[in-house]
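Report on the structure given below.
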Amino acid sequence: MKTFNIFITAKRYQHIDQFFHSYNQLAIPPNNKNRMIKLSTIITYFTNKFGSYYVPNQSLSLDEGTMSWRGRLSFKVYNPNKPDKYGVKLYMLAEAGTGYIIDFEVYSGVGKITVETVMGLMRPLLNKGYHLYMDNYYNSVHLTELLRENGVYTCGTLRLQRGAPKELQQLAKGKFAVDQTIFRRKDNIFVILWKDKRVVSVITNCHNADTPGSTEKEESEETRRNISLQIVTVNKPTAICDYNTNMKGVDHFDQMVKYYRFTRKSHKWTKKITFYFLQMAIHNAYVF
């Protein structure tokens with residue numbers, strides 16, 4: 001097998017890397033206010049290719065991804081729930097099963113409401129009967145109604161103050177039995193409360209609230225001498241079971257990228273995120 005250094009030496013690679021640019025600096029107008037202008041050509045190229053060569057399955061997931069970056073950057077974010085806590089945030093639309101990235105948008109600190117972000121990412125897939133799974137950062141009653149008018153079914157966790165009935169908001173603060181399900185319905189939209197260790201609130205228009213899904217979990221039982229584990233059957237609404245199954249698309253992509261990551265430290269964030277896009281393309285090619 002031929003080695004890589006036959007085709008390009010390390011010094012040649014370092015020379016190319018030294019002068020690598022993602023955009024022509026002389027083409028930037030002096031009064032430019034677009035923070036993403038240096039990446040606009042690359043982003044347009046990749047998003048067009050990702051959406052045109054692959055037809056995703058019915059279940060999609062929308063979540064945030066983070067490209068690690070600890071240097072100075074005005075729109076650098078901190079997310080303690082991600083493996084890379086400091087970095088550039090991306091909104092990603094992925095196929096739930098494979099993690100194929102269908103579309104993405106880089107957060108640049110410019111004010112843009114959540115509804116515009118979701119509708120922008122879903123625009124090529126409207127009126128095709130897709131099921132979109134999102135967490136409570138995006139979900140609201142208004143967004144669910146808007147997507148349904150455009151032929152997209154949704155499911156995900158919900159912050160109750162985003163359009164849920166006042167009655168459910170009060171019930172969520174009170175006490176009710178474990179495994180109990182409470183819901184309210186408007187047309188085909190269900191807002192569901194389910195109690196496990198804490199109250200879980202879900203909004204869906206592609207499930208039924210009175211169709212529980214059965215799942216098993218381990219519970220510890222403490223006696224005087226030891227602690228034993230036993231399997232307990234839990235009646236969980238189908239909406240929550242499907243959400244847990246189909247919300248892992250972006251996380252699956254992050255996991256796959258970590259195995260063969262080739263981004264390197266750089267003083268230029270544009271260079272590093274360009275290589276991040278290349279990793280995205282390689283993962284999509286693998287799925288394809």
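Residues in the structure tokens are named by chain (A, B, ... in the order shown) and by number from 1 within that chain; ligands are numbered from 1 in the order shown.
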
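All residues in region 102-168 of chain A with a DSSP state of strand (DSSP E or B), computed from the backbone, read Ile102, Asp103, Phe104, Glu105, Val106, His131, Leu132, Tyr133, Met134, Tyr153, Thr154, Cys155, Gly156 and Thr157 of chain A.
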
For region 48-55 of chain A, find every residue with an atom within 10 Å (counting only C-alpha atoms), except residues of its own chain fewer than 5 positions away, and show them as an MDAnalysis selection string. chainID A and resid 43 95 100:104 124:125 280:281 284:285 287:288

Selection: 10 Å around Asn34 (chain A), only C-alpha atoms, excl. self and same-chain fewer than 5 positions, as a count of residues only: 4

Within 8 Å of region 197-207 of chain A, counting only C-alpha atoms, which residues show up once you throw out same-chain ones fewer than 4 positions away? Write them as a list in words, please. His131, Asn139, Ser140, Val141, Thr144, Tyr153, Thr154, Cys155, Gly156, Thr157, Leu158, Arg159, Leu160, Ala172, Val178, Asn188, Ile189, Phe190, Val191, Ile192, Leu193, Thr238, Ala239 and Ile240 of chain A
